[in-house]
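Remarks on the structure that follows.
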Amino acid sequence: MEMGRMRLLILAILIASDCATGSTPSGELREFKFKDKPISAAAVHALLTEWSDLLPAFAAVDLEGFTDSEVHNQKCEESGGWTSYKPGEDQYPMPGLFQYRHLGVSKDGVHVLEWFDNGGGSLTIYGALLVRFEEDRVFDSGEWRSRIRMLSVGEVCDPDKTGTFKFDGRRLTGRNPLNASYRIDLEID
């Protein structure tokens, strides 16, 4: 019986070490692209905390799974450095609009995205999302495959809806032109 437990423990360790490499991919992801296209605005939107919640419900997105999904991936458009999609476009007469733009990436691989979200009414919320990428392996459809996950590592809401974020590769800053005392100044590793 003791030998059986030891074999199970060794098997579990081998499986865990095979599926969690923790390496960080590079290349097109550094430009915030996947499969030669900007990363889906719907995938970015999925990582944001809902307006009514205090904590995010989703911490990571499988990029290939999301990109190939018939349910989750929505048609995106690019214009002036922004990538956008219309949540609920097939369901509502006045769909919302979600847009993001890539401000840059830190030396440690944290990407900074400025975004705005309008649910279809008069309210528009602005913010910044911080993400990084990790590559690991997952058992899927009877075999192991490589997976790239986009992980949320933080977000900043801009309650004054000014959309004035700037990122210099090290610091994310923002300000409200109508209120000089309101400032966002975040150092990003």
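Letters for chains follow the order of the structure tokens (A, B, ...), residue numbers begin at 1 for each chain, and ligand numbers begin at 1 in the order shown.
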Excluding Arg147 in chain A and its own-chain neighbours fewer than 5 positions away, which residues fall within 10 Å of it when counting only C-alpha atoms? Please give them as JSON, numbers by chain.
{"A": [19, 61, 62, 63, 64, 65, 134, 135, 136, 137, 138, 139]}
For range 46-50 of chain A, list every protein, DNA or RNA residue within 9 Å, evaluated using only C-alpha atoms, and leave out those in the same chain fewer than 5 positions away; present the list as JSON, numbers by chain.
{"A": [41, 55, 56, 57, 58, 59, 60, 61, 129, 150, 151, 152, 155]}
Please produce a file of those selected residues containing N, CA, C and O atoms, as a JSON list (two decimals), in the first residue's frame.
[["chain", "number", "residue", "atom", "x", "y", "z"],
["A", 41, "ALA", "N", -10.20, 42.28, -28.38],
["A", 41, "ALA", "CA", -10.73, 43.23, -27.39],
["A", 41, "ALA", "C", -11.67, 42.51, -26.43],
["A", 41, "ALA", "O", -11.74, 42.87, -25.25],
["A", 55, "LEU", "N", -14.09, 42.72, -6.87],
["A", 55, "LEU", "CA", -12.95, 41.90, -7.28],
["A", 55, "LEU", "C", -13.22, 41.29, -8.65],
["A", 55, "LEU", "O", -14.37, 41.02, -9.00],
["A", 56, "PRO", "N", -12.17, 41.03, -9.42],
["A", 56, "PRO", "CA", -12.38, 40.42, -10.74],
["A", 56, "PRO", "C", -12.84, 38.98, -10.62],
["A", 56, "PRO", "O", -12.44, 38.26, -9.70],
["A", 57, "ALA", "N", -13.65, 38.55, -11.56],
["A", 57, "ALA", "CA", -14.11, 37.16, -11.59],
["A", 57, "ALA", "C", -13.15, 36.28, -12.40],
["A", 57, "ALA", "O", -13.03, 35.10, -12.15],
["A", 58, "PHE", "N", -12.45, 36.87, -13.37],
["A", 58, "PHE", "CA", -11.53, 36.12, -14.21],
["A", 58, "PHE", "C", -10.13, 36.70, -14.06],
["A", 58, "PHE", "O", -9.95, 37.91, -14.14],
["A", 59, "ALA", "N", -9.16, 35.81, -13.88],
["A", 59, "ALA", "CA", -7.78, 36.27, -13.71],
["A", 59, "ALA", "C", -6.92, 35.97, -14.93],
["A", 59, "ALA", "O", -5.86, 36.56, -15.09],
["A", 60, "ALA", "N", -7.37, 35.05, -15.80],
["A", 60, "ALA", "CA", -6.56, 34.67, -16.96],
["A", 60, "ALA", "C", -7.45, 34.22, -18.11],
["A", 60, "ALA", "O", -8.58, 33.78, -17.90],
["A", 61, "VAL", "N", -6.90, 34.34, -19.31],
["A", 61, "VAL", "CA", -7.58, 33.90, -20.53],
["A", 61, "VAL", "C", -6.59, 33.05, -21.32],
["A", 61, "VAL", "O", -5.43, 33.43, -21.49],
["A", 129, "LEU", "N", -5.43, 48.52, -17.67],
["A", 129, "LEU", "CA", -5.31, 47.12, -17.27],
["A", 129, "LEU", "C", -3.86, 46.71, -17.44],
["A", 129, "LEU", "O", -3.23, 47.04, -18.45],
["A", 150, "MET", "N", -3.05, 34.90, -20.88],
["A", 150, "MET", "CA", -2.94, 36.32, -20.59],
["A", 150, "MET", "C", -3.51, 36.50, -19.19],
["A", 150, "MET", "O", -4.68, 36.21, -18.95],
["A", 151, "LEU", "N", -2.67, 36.97, -18.26],
["A", 151, "LEU", "CA", -3.07, 37.11, -16.86],
["A", 151, "LEU", "C", -3.22, 38.56, -16.48],
["A", 151, "LEU", "O", -2.35, 39.38, -16.80],
["A", 152, "SER", "N", -4.29, 38.86, -15.78],
["A", 152, "SER", "CA", -4.45, 40.21, -15.23],
["A", 152, "SER", "C", -3.57, 40.31, -13.99],
["A", 152, "SER", "O", -3.62, 39.44, -13.12],
["A", 155, "GLU", "N", -5.50, 46.47, -12.24],
["A", 155, "GLU", "CA", -6.21, 47.45, -13.05],
["A", 155, "GLU", "C", -6.40, 48.73, -12.25],
["A", 155, "GLU", "O", -6.40, 48.72, -11.03]]
Quick one: of A:Cys157, A:Leu97, A:Val71, A:Ala42, who's nearest to Gly119 in chain A, counting only C-alpha atoms?
A:Leu97
Please, which residues of range 51-136 of chain A, numbered as in this document, come out alpha helix (DSSP H) from DSSP, as a list in words?
Leu63, Glu64, Gly65, Phe66 and Thr67 of chain A
Writing out the chosen residues with C-alpha atoms as an mmCIF file, in the first residue's frame:
data_model
loop_
_atom_site.group_PDB
_atom_site.id
_atom_site.type_symbol
_atom_site.label_atom_id
_atom_site.label_comp_id
_atom_site.auth_asym_id
_atom_site.auth_seq_id
_atom_site.Cartn_x
_atom_site.Cartn_y
_atom_site.Cartn_z
ATOM 1 C CA LEU A 63 -5.411 33.044 -25.847
ATOM 2 C CA GLU A 64 -5.759 30.207 -28.342
ATOM 3 C CA GLY A 65 -8.953 28.903 -26.742
ATOM 4 C CA PHE A 66 -10.447 32.396 -26.702
ATOM 5 C CA THR A 67 -9.323 33.273 -30.228
#
Test item, strand (DSSP E) assignment across range 18-185 of chain A, answer as a PyMOL selection string:
chain A and resi 33-34+37-38+60-62+77-79+82-85+97-105+111-118+124-140+143-158+166-167+171-176+179-185
